[in-house]
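A short write-up of the structure that comes next.
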Amino acid sequence: MMQISELEKIATQVRRDVLRMVHTVQSGHPGAALGCAEFFTILYFNVLRHNSAKFNMDGVGEDIFFLSNGHLSAGWYSVLARAGYFDVIELRTFRLLNSRLQGHPATAEGLPGVRVASGSLGQGLSVAIGAALAKKLNNDCHLVFSLHGDGELQEGQIWEAAIFAAARNVDNLIATIDYNGQQIDGPVDEVLSLGNLKAKWEAFGWHVFEANGNDLSVLIETLQQAIAATGKGKPIVLLMRTIMGKGVDFMEGKHQWHGSPPNNDQLEKALAQLPETFGDY
Amino acid sequence: MNKLINSGSKDTRSGFGEAMIELAAQNPWVVALCADLTGSLKLEMFSEKYPERFIQTGIAEANMMGIAAGLTIGGFIPYATTFANFATSRVYDQVRQSIAYSNKNVKICASHAGLTLGEDGATHQVLEDIGMMKMLPNMVVINPCDFNQTKAATHAIAKHQGPVYLRFGRPKVPNFTPPNLVFEIGRAIKLIPGREVSIFATGHLVWKAIEAAKILRLKGISAELINIHTIKPLDEQAVIRSVLKTGCAVTAEEHQRNGGLGDSIAQLLSRKHPVPVEMVAVDDVFGESGTPDELMIKYHLDTPDIVEAALKALGRKLL
């Protein structure tokens, strides 16, 4: 297990990577990627039993992760690179022509770490359930993790998947919701309120955990509890409260940073708040 | 032509169901998914014999397609089954992103395609599925003509690595292809050799095209009939070789003219060898309730329509 101080440094570097990546191409989605820096970091450096040096599509004998809200690609790519799936230099190619680092994650270019395309929302939970069923059929006791946006829960397919996973006891799956309360058009509560999300998931038969997703020690502890709750007949969901744009004061909590890159001045101000820890790519 | 005898009408979906039982015994990686249509897809025996490899998703086709994509991650070969309408238009984006773009080894097996679904009417009679599926990169599109060929195709697609759309139907139709013929994806089958007009037919229209060729022969016209069971990848060589000889073509399918087999053939011929092409297909309208036979007549997908199209193509060739 990695020390909290080390994880914190990685998360800070991930935030720098995200900001520089979207700034370079003046496109992409920094807000939620910044908000999920702790989650990505903990997952890849503390939680997943995986082999980053030798990526295997089938992932048999490994824990596997699906990013359903594919627009968080900058954050995911940064952590994949920092965890050793590919060279951090390749982060320079984000969203450029002929890159493996597509705007939204894809398998077509063969980027290690990516097992399915995502971007069109609402599809990843079903895919994660399929992979979890495959693990059961293969007698593979490893786990499947997935991440979804809270706005993404407005997609109907999520709830088809939620019914299925509970009915079929898919208990080797931990779905995490990036509960930042923001979506493109504004606060989720204003665009289309999700109501009592905890009660909804419980009513659908899931074991619900809650955590502050920007507090490393709390999130680690909650993920450990969630892992301990696997194999008990219920699928698991973690409602992870995060702050969109976390780590950059003028971006925090603002839905405007869902899909807007910083300009030169904004980048400079943002990076000044996030000291370089592991070397920029 | 003498070999083309109906050995007893059967539904193509039963060919699918029978093959699935054999496949499950042969290949431990084959799993089947169904969205509350187990009986219609002829998967009852599969679900009873291999319950651990049968995944009932309930009436949730989008979720079924995603689960199928996920099952490939771990090595399984999922056969995701439902009616053709719900396997395509209802879940187009799921098929596009999670299966086709992600190049997952999912076999989308779709029954009740086209007008011959019959009395349920236009809500269920998908006539756009071939077009939707063939437009997706990585997707193979197969529309077998009878029970035996559907069975053979169901076996063959397990050996193909990548996404496949296998389309079949509801009613009993003549069963005339040899019972143990190996199905070769992308390889058209010449059923009747001829010299004056090429007929390219797919699915249920192949038998009607056989009957049409017999009528044409009585009229003194030598028609060549080719069964295009694989619409994508299209057997371009077979198509071009035939029209080089005949100089005109007729296409026949239970599908919209827009986006169907005729559209693929015309596109190929306009690029490589332009000749008159006539298309027997649905002309930009939705279907309706009725018996399969009534519908095929009303929407001009019947034997006389193929004969008429052949005469028209021949006439245009002589202009």
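Quick note on naming: the chains in the structure tokens go A, B, ... in the order shown, residues restart at 1 in each chain, and ligands are numbered from 1 in order of appearance.
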* To do: Please identify all polymer residues within 6 Å of B:His112, counting only C-alpha atoms, omitting same-chain residues fewer than 2 positions from it, and present them as a count of residues only.
  => 5
Taking only C-alpha atoms into account, what are the residues of chain A at most 7 Å from chain B, put as a PDB file with N, CA, C and O atoms, in the first residue's frame?
ATOM      1  N   MET A  57      -6.195  -7.774 -22.814  1.00  0.00           N
ATOM      2  CA  MET A  57      -7.580  -7.355 -23.029  1.00  0.00           C
ATOM      3  C   MET A  57      -8.558  -8.143 -22.172  1.00  0.00           C
ATOM      4  O   MET A  57      -9.484  -7.579 -21.601  1.00  0.00           O
ATOM      5  N   ASP A  58      -8.364  -9.462 -22.079  1.00  0.00           N
ATOM      6  CA  ASP A  58      -9.308 -10.287 -21.326  1.00  0.00           C
ATOM      7  C   ASP A  58      -9.240 -10.054 -19.816  1.00  0.00           C
ATOM      8  O   ASP A  58     -10.213 -10.288 -19.112  1.00  0.00           O
ATOM      9  N   GLY A  59      -8.084  -9.629 -19.337  1.00  0.00           N
ATOM     10  CA  GLY A  59      -7.962  -9.297 -17.918  1.00  0.00           C
ATOM     11  C   GLY A  59      -8.259 -10.449 -16.971  1.00  0.00           C
ATOM     12  O   GLY A  59      -8.658 -10.216 -15.822  1.00  0.00           O
ATOM     13  N   VAL A  60      -8.083 -11.680 -17.445  1.00  0.00           N
ATOM     14  CA  VAL A  60      -8.314 -12.826 -16.563  1.00  0.00           C
ATOM     15  C   VAL A  60      -7.203 -12.830 -15.503  1.00  0.00           C
ATOM     16  O   VAL A  60      -6.033 -12.622 -15.806  1.00  0.00           O
ATOM     17  N   ALA A 106     -10.945   4.703 -26.529  1.00  0.00           N
ATOM     18  CA  ALA A 106     -11.276   3.778 -27.612  1.00  0.00           C
ATOM     19  C   ALA A 106     -10.286   2.630 -27.604  1.00  0.00           C
ATOM     20  O   ALA A 106      -9.170   2.759 -27.101  1.00  0.00           O
ATOM     21  N   THR A 107     -10.733   1.519 -28.173  1.00  0.00           N
ATOM     22  CA  THR A 107      -9.862   0.349 -28.274  1.00  0.00           C
ATOM     23  C   THR A 107      -9.212   0.238 -29.649  1.00  0.00           C
ATOM     24  O   THR A 107      -8.258  -0.504 -29.814  1.00  0.00           O
ATOM     25  N   ALA A 108      -9.744   0.979 -30.623  1.00  0.00           N
ATOM     26  CA  ALA A 108      -9.323   0.803 -32.017  1.00  0.00           C
ATOM     27  C   ALA A 108      -7.834   1.038 -32.206  1.00  0.00           C
ATOM     28  O   ALA A 108      -7.191   0.386 -33.032  1.00  0.00           O
ATOM     29  N   VAL A 116     -12.901  -1.033 -23.641  1.00  0.00           N
ATOM     30  CA  VAL A 116     -14.102  -0.792 -24.444  1.00  0.00           C
ATOM     31  C   VAL A 116     -14.168   0.713 -24.710  1.00  0.00           C
ATOM     32  O   VAL A 116     -13.643   1.510 -23.922  1.00  0.00           O
ATOM     33  N   ALA A 117     -14.778   1.082 -25.816  1.00  0.00           N
ATOM     34  CA  ALA A 117     -14.953   2.510 -26.094  1.00  0.00           C
ATOM     35  C   ALA A 117     -16.035   3.064 -25.175  1.00  0.00           C
ATOM     36  O   ALA A 117     -16.994   2.371 -24.830  1.00  0.00           O
ATOM     37  N   SER A 118     -15.863   4.319 -24.776  1.00  0.00           N
ATOM     38  CA  SER A 118     -16.908   4.974 -23.984  1.00  0.00           C
ATOM     39  C   SER A 118     -16.918   6.448 -24.333  1.00  0.00           C
ATOM     40  O   SER A 118     -15.945   6.975 -24.866  1.00  0.00           O
ATOM     41  N   GLN A 123     -23.484   3.419 -21.107  1.00  0.00           N
ATOM     42  CA  GLN A 123     -23.236   2.061 -21.594  1.00  0.00           C
ATOM     43  C   GLN A 123     -22.279   1.257 -20.715  1.00  0.00           C
ATOM     44  O   GLN A 123     -22.270   0.026 -20.760  1.00  0.00           O
ATOM     45  N   SER A 126     -23.396  -1.694 -18.102  1.00  0.00           N
ATOM     46  CA  SER A 126     -23.751  -2.972 -18.731  1.00  0.00           C
ATOM     47  C   SER A 126     -22.489  -3.753 -19.108  1.00  0.00           C
ATOM     48  O   SER A 126     -22.418  -4.962 -18.902  1.00  0.00           O
ATOM     49  N   VAL A 127     -21.526  -3.051 -19.681  1.00  0.00           N
ATOM     50  CA  VAL A 127     -20.279  -3.714 -20.094  1.00  0.00           C
ATOM     51  C   VAL A 127     -19.555  -4.271 -18.862  1.00  0.00           C
ATOM     52  O   VAL A 127     -19.070  -5.410 -18.871  1.00  0.00           O
ATOM     53  N   ALA A 128     -19.527  -3.474 -17.804  1.00  0.00           N
ATOM     54  CA  ALA A 128     -18.863  -3.921 -16.570  1.00  0.00           C
ATOM     55  C   ALA A 128     -19.569  -5.163 -16.015  1.00  0.00           C
ATOM     56  O   ALA A 128     -18.917  -6.098 -15.542  1.00  0.00           O
ATOM     57  N   ILE A 129     -20.895  -5.175 -16.085  1.00  0.00           N
ATOM     58  CA  ILE A 129     -21.650  -6.347 -15.613  1.00  0.00           C
ATOM     59  C   ILE A 129     -21.300  -7.571 -16.463  1.00  0.00           C
ATOM     60  O   ILE A 129     -21.087  -8.671 -15.939  1.00  0.00           O
ATOM     61  N   GLY A 130     -21.219  -7.372 -17.781  1.00  0.00           N
ATOM     62  CA  GLY A 130     -20.837  -8.487 -18.659  1.00  0.00           C
ATOM     63  C   GLY A 130     -19.465  -9.032 -18.290  1.00  0.00           C
ATOM     64  O   GLY A 130     -19.263 -10.247 -18.215  1.00  0.00           O
ATOM     65  N   ALA A 131     -18.534  -8.128 -18.043  1.00  0.00           N
ATOM     66  CA  ALA A 131     -17.176  -8.558 -17.668  1.00  0.00           C
ATOM     67  C   ALA A 131     -17.194  -9.260 -16.311  1.00  0.00           C
ATOM     68  O   ALA A 131     -16.449 -10.218 -16.081  1.00  0.00           O
ATOM     69  N   LEU A 133     -19.742 -10.982 -15.123  1.00  0.00           N
ATOM     70  CA  LEU A 133     -20.304 -12.320 -15.373  1.00  0.00           C
ATOM     71  C   LEU A 133     -19.230 -13.236 -15.962  1.00  0.00           C
ATOM     72  O   LEU A 133     -19.154 -14.419 -15.624  1.00  0.00           O
ATOM     73  N   ALA A 134     -18.416 -12.677 -16.866  1.00  0.00           N
ATOM     74  CA  ALA A 134     -17.342 -13.475 -17.465  1.00  0.00           C
ATOM     75  C   ALA A 134     -16.385 -13.955 -16.374  1.00  0.00           C
ATOM     76  O   ALA A 134     -15.928 -15.104 -16.395  1.00  0.00           O
ATOM     77  N   LYS A 135     -16.091 -13.090 -15.425  1.00  0.00           N
ATOM     78  CA  LYS A 135     -15.195 -13.500 -14.327  1.00  0.00           C
ATOM     79  C   LYS A 135     -15.807 -14.656 -13.541  1.00  0.00           C
ATOM     80  O   LYS A 135     -15.117 -15.604 -13.172  1.00  0.00           O
ATOM     81  N   GLN A 157     -30.402   3.270 -19.725  1.00  0.00           N
ATOM     82  CA  GLN A 157     -29.686   1.992 -19.740  1.00  0.00           C
ATOM     83  C   GLN A 157     -29.048   1.683 -18.387  1.00  0.00           C
ATOM     84  O   GLN A 157     -28.929   0.513 -18.001  1.00  0.00           O
ATOM     85  N   GLU A 160     -31.604  -0.142 -16.418  1.00  0.00           N
ATOM     86  CA  GLU A 160     -31.745  -1.529 -16.909  1.00  0.00           C
ATOM     87  C   GLU A 160     -30.643  -2.378 -16.277  1.00  0.00           C
ATOM     88  O   GLU A 160     -30.874  -3.489 -15.792  1.00  0.00           O
ATOM     89  N   ALA A 161     -29.428  -1.827 -16.308  1.00  0.00           N
ATOM     90  CA  ALA A 161     -28.274  -2.547 -15.775  1.00  0.00           C
ATOM     91  C   ALA A 161     -28.400  -2.722 -14.257  1.00  0.00           C
ATOM     92  O   ALA A 161     -28.047  -3.772 -13.709  1.00  0.00           O
ATOM     93  N   PHE A 164     -30.722  -5.532 -13.474  1.00  0.00           N
ATOM     94  CA  PHE A 164     -30.120  -6.819 -13.823  1.00  0.00           C
ATOM     95  C   PHE A 164     -29.094  -7.252 -12.767  1.00  0.00           C
ATOM     96  O   PHE A 164     -29.107  -8.393 -12.293  1.00  0.00           O
TER      97      PHE A 164
END
* To do: Determine the nearest neighbour of B:Gln125 from the options B:Phe86, B:Val275, B:Met20, B:Glu48, counting only C-alpha atoms.
  => B:Phe86
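Atom pair atom CA of A:Phe55 / atom CA of A:Tyr85: separated by 7.2 Å.
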* **Residues near B:Leu301, cut-off 9 Å, only C-alpha atoms, skip fewer than 5 positions along chain, as a list in words** =>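 What passes the distance filter is Leu205, Lys208, Ala252, Glu253, Glu254, Val280, Ala281, Val282, Leu295, Met296 and Ile306 of chain B.
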* To do: Enter the distance from atom CA of A:Gly213 to atom CA of A:Gln102, in Å, rounded to one decimal.
  =>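 Computing it gives 26.0 Å between the two atoms.
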* **Distance of atom CA of A:Leu238 from atom CA of A:Asp150, expressed in Å to one decimal place** =>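 Going from atom CA of A:Asp150 over to atom CA of A:Leu238, I get 11.4 Å.
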* **All alpha helix (DSSP H) residues (DSSP, backbone) inside stretch 207-275 of chain B, as an MDAnalysis selection string** => chainID B and resid 207:218 236:246 261:272
* Asked: Near stretch 164-167 of chain B, counting only C-alpha atoms, which residues have an atom at most 7 Å away, once you skip same-chain residues fewer than 5 positions from it, shown as a list in words?
  -> Ala84, Val106, Lys107, Ile108, Cys109, Ala110, Ser111, Ala113, Met133, Met139, Val140, Val141, Ile142 and Asn143 of chain B
Please save C-alpha atoms of the selected residues as an mmCIF file, in the first residue's frame.
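Written output follows (result35.cif):
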data_model
loop_
_atom_site.group_PDB
_atom_site.id
_atom_site.type_symbol
_atom_site.label_atom_id
_atom_site.label_comp_id
_atom_site.auth_asym_id
_atom_site.auth_seq_id
_atom_site.Cartn_x
_atom_site.Cartn_y
_atom_site.Cartn_z
ATOM 1 C CA ALA B 84 -34.371 -7.830 -35.505
ATOM 2 C CA VAL B 106 -20.413 -10.370 -30.215
ATOM 3 C CA LYS B 107 -22.827 -12.259 -32.452
ATOM 4 C CA ILE B 108 -26.052 -10.283 -32.761
ATOM 5 C CA CYS B 109 -28.654 -12.839 -33.788
ATOM 6 C CA ALA B 110 -31.908 -11.332 -34.913
ATOM 7 C CA SER B 111 -35.137 -13.124 -35.660
ATOM 8 C CA ALA B 113 -36.798 -9.632 -39.600
ATOM 9 C CA MET B 133 -25.695 -2.819 -39.574
ATOM 10 C CA MET B 139 -19.620 -5.463 -38.646
ATOM 11 C CA VAL B 140 -20.264 -8.565 -40.764
ATOM 12 C CA VAL B 141 -23.866 -8.817 -42.039
ATOM 13 C CA ILE B 142 -25.385 -12.205 -42.877
ATOM 14 C CA ASN B 143 -28.922 -13.010 -44.049
#
* Could you check which of A:Ile163, A:Leu80, A:Ile177, A:Val170 is closest to A:Phe45, using only C-alpha atoms? =>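 Going through A:Ile163, A:Leu80, A:Ile177, A:Val170 one by one, the smallest distance to A:Phe45 is for A:Leu80.
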With the cut-off set at 12 Å and counting only C-alpha atoms, tabulate each residue of stretch 30-88 of chain A with an atom at most that distance from an atom of stretch 179-198 of chain A, showing the nearest atom pair and its distance in Å to one decimal, ordered by chain and increasing number, as CSV.
residue,atom,partner,partner_atom,distance
A:Gly31,CA,A:Gln182,CA,9.4
A:Ala32,CA,A:Asn180,CA,7.8
A:Ala33,CA,A:Asn180,CA,11.1
A:Leu34,CA,A:Asn180,CA,11.1
A:Gly35,CA,A:Asn180,CA,7.8
A:Cys36,CA,A:Asn180,CA,9.5
A:Asn69,CA,A:Gln183,CA,11.6
A:His71,CA,A:Ile184,CA,11.6
Mind dumping the selected residues with N, CA, C and O atoms as a compact mmCIF listing (two decimals), in the first residue's frame?
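And here's out08.txt as it stands now:
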# COMPACT_ATOMS: atom_id res chain seq x y z
N GLY A 31 -13.05 19.45 -15.89
CA GLY A 31 -13.75 19.56 -14.60
C GLY A 31 -13.83 18.29 -13.80
O GLY A 31 -13.32 18.20 -12.67
N ALA A 32 -14.48 17.27 -14.35
CA ALA A 32 -14.67 16.03 -13.60
C ALA A 32 -13.38 15.22 -13.51
O ALA A 32 -13.18 14.47 -12.55
N ALA A 33 -12.48 15.39 -14.48
CA ALA A 33 -11.19 14.70 -14.41
C ALA A 33 -10.40 15.21 -13.22
O ALA A 33 -9.74 14.43 -12.51
N LEU A 34 -10.47 16.52 -12.97
CA LEU A 34 -9.81 17.08 -11.78
C LEU A 34 -10.49 16.56 -10.51
O LEU A 34 -9.82 16.19 -9.55
N GLY A 35 -11.81 16.49 -10.55
CA GLY A 35 -12.56 16.03 -9.38
C GLY A 35 -12.29 14.59 -9.03
O GLY A 35 -12.42 14.19 -7.86
N CYS A 36 -11.93 13.79 -10.02
CA CYS A 36 -11.72 12.35 -9.79
C CYS A 36 -10.25 11.97 -9.70
O CYS A 36 -9.91 10.78 -9.77
N ASN A 69 -18.05 7.15 -18.03
CA ASN A 69 -18.12 8.58 -18.42
C ASN A 69 -16.82 8.94 -19.12
O ASN A 69 -15.92 9.54 -18.54
N HIS A 71 -15.65 11.02 -21.03
CA HIS A 71 -15.07 12.37 -21.17
C HIS A 71 -14.06 12.69 -20.08
O HIS A 71 -13.38 13.70 -20.16
* **B:Arg241 surroundings by only C-alpha atoms, 12 Å radius, close-in-sequence under 2 positions cut, as a PyMOL selection string** => chain B and resi 188+190+193-195+198+224+226+235-239+243-249+269+272-273
* Run DSSP on the backbone and grab whatever in stretch 29-253 of chain A lands in strand (DSSP E); send it over as an MDAnalysis selection string. => chainID A and resid 64:67 144:149 173:179 182:183 186:187 207:212 236:241
Would you export the selected residues with C-alpha atoms as a PDB file, in the first residue's frame, please?
ATOM      1  CA  ILE A  64     -10.382  -4.533 -14.277  1.00  0.00           C
ATOM      2  CA  PHE A  65     -11.800  -1.039 -14.586  1.00  0.00           C
ATOM      3  CA  PHE A  66     -14.224   0.581 -17.019  1.00  0.00           C
ATOM      4  CA  LEU A  67     -14.613   4.321 -17.430  1.00  0.00           C
ATOM      5  CA  VAL A 144     -14.646  -5.305 -11.799  1.00  0.00           C
ATOM      6  CA  PHE A 145     -14.728  -1.570 -11.097  1.00  0.00           C
ATOM      7  CA  SER A 146     -16.501   1.145 -13.048  1.00  0.00           C
ATOM      8  CA  LEU A 147     -16.925   4.907 -12.880  1.00  0.00           C
ATOM      9  CA  HIS A 148     -19.994   6.858 -13.956  1.00  0.00           C
ATOM     10  CA  GLY A 149     -21.039  10.479 -13.836  1.00  0.00           C
ATOM     11  CA  LEU A 173     -18.662  -5.406  -9.196  1.00  0.00           C
ATOM     12  CA  ILE A 174     -18.083  -2.026  -7.574  1.00  0.00           C
ATOM     13  CA  ALA A 175     -19.616   0.856  -9.521  1.00  0.00           C
ATOM     14  CA  THR A 176     -18.596   4.327  -8.433  1.00  0.00           C
ATOM     15  CA  ILE A 177     -20.647   7.425  -9.142  1.00  0.00           C
ATOM     16  CA  ASP A 178     -18.814  10.717  -9.499  1.00  0.00           C
ATOM     17  CA  TYR A 179     -21.390  12.630  -7.498  1.00  0.00           C
ATOM     18  CA  GLN A 182     -22.789  19.244 -12.105  1.00  0.00           C
ATOM     19  CA  GLN A 183     -23.501  18.551 -15.760  1.00  0.00           C
ATOM     20  CA  GLY A 186     -25.829  23.362 -15.053  1.00  0.00           C
ATOM     21  CA  PRO A 187     -26.338  21.806 -11.628  1.00  0.00           C
ATOM     22  CA  HIS A 207     -25.306  -2.142  -1.393  1.00  0.00           C
ATOM     23  CA  VAL A 208     -24.590   1.584  -1.201  1.00  0.00           C
ATOM     24  CA  PHE A 209     -21.444   3.209   0.170  1.00  0.00           C
ATOM     25  CA  GLU A 210     -20.820   6.931   0.422  1.00  0.00           C
ATOM     26  CA  ALA A 211     -17.565   8.834   0.640  1.00  0.00           C
ATOM     27  CA  ASN A 212     -15.914  12.168   0.104  1.00  0.00           C
ATOM     28  CA  ILE A 236     -22.016  -2.458  -4.849  1.00  0.00           C
ATOM     29  CA  VAL A 237     -22.242   1.228  -5.657  1.00  0.00           C
ATOM     30  CA  LEU A 238     -20.132   3.981  -4.155  1.00  0.00           C
ATOM     31  CA  LEU A 239     -21.677   7.430  -4.204  1.00  0.00           C
ATOM     32  CA  MET A 240     -18.518   9.493  -4.298  1.00  0.00           C
ATOM     33  CA  ARG A 241     -18.986  13.162  -3.517  1.00  0.00           C
TER      34      ARG A 241
END
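Near stretch 182-184 of chain B, within 6 Å and counting only C-alpha atoms, sit Ala152, Ala153 and Ala156 of chain B; same-chain residues fewer than 4 positions away were not included.
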Restrict the selected residues to N, CA and C atoms and save them as a compact mmCIF listing (two decimals), in the first residue's frame.
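So the final result, stored in result-v4.txt, reads:
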# COMPACT_ATOMS: atom_id res chain seq x y z
N ALA B 152 -26.11 -23.47 -40.53
CA ALA B 152 -24.69 -23.47 -40.89
C ALA B 152 -24.03 -22.13 -40.56
N ALA B 153 -24.76 -21.06 -40.81
CA ALA B 153 -24.21 -19.72 -40.53
C ALA B 153 -24.00 -19.52 -39.04
N ALA B 156 -20.83 -21.06 -38.26
CA ALA B 156 -19.67 -20.39 -38.88
C ALA B 156 -19.27 -19.12 -38.15
Within 10 Å of A:Asn51, counting only C-alpha atoms, which residues show up once you throw out same-chain ones fewer than 4 positions away? Write them as an mmCIF file with C-alpha atoms, in the first residue's frame, please.
data_model
loop_
_atom_site.group_PDB
_atom_site.id
_atom_site.type_symbol
_atom_site.label_atom_id
_atom_site.label_comp_id
_atom_site.auth_asym_id
_atom_site.auth_seq_id
_atom_site.Cartn_x
_atom_site.Cartn_y
_atom_site.Cartn_z
ATOM 1 C CA PHE A 55 -1.831 -5.266 -20.700
ATOM 2 C CA ASN A 56 -4.171 -8.090 -21.519
ATOM 3 C CA GLY A 59 -7.962 -9.297 -17.918
ATOM 4 C CA GLY A 61 -6.602 -13.012 -13.171
ATOM 5 C CA GLU A 62 -6.707 -9.236 -12.761
ATOM 6 C CA ASP A 63 -9.075 -6.622 -11.400
ATOM 7 C CA ALA A 83 0.896 3.656 -13.461
ATOM 8 C CA GLY A 84 3.019 2.285 -16.296
ATOM 9 C CA TYR A 85 0.540 1.281 -19.012
ATOM 10 C CA GLY A 113 -5.601 -0.121 -20.262
#
* Restricting the calculation to only C-alpha atoms, which member of B:Ala213, B:Ile231, B:Ala266, B:Leu225 is positioned closest to B:Pro304? ->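 For B:Pro304, the nearest of the candidates is B:Ala213.
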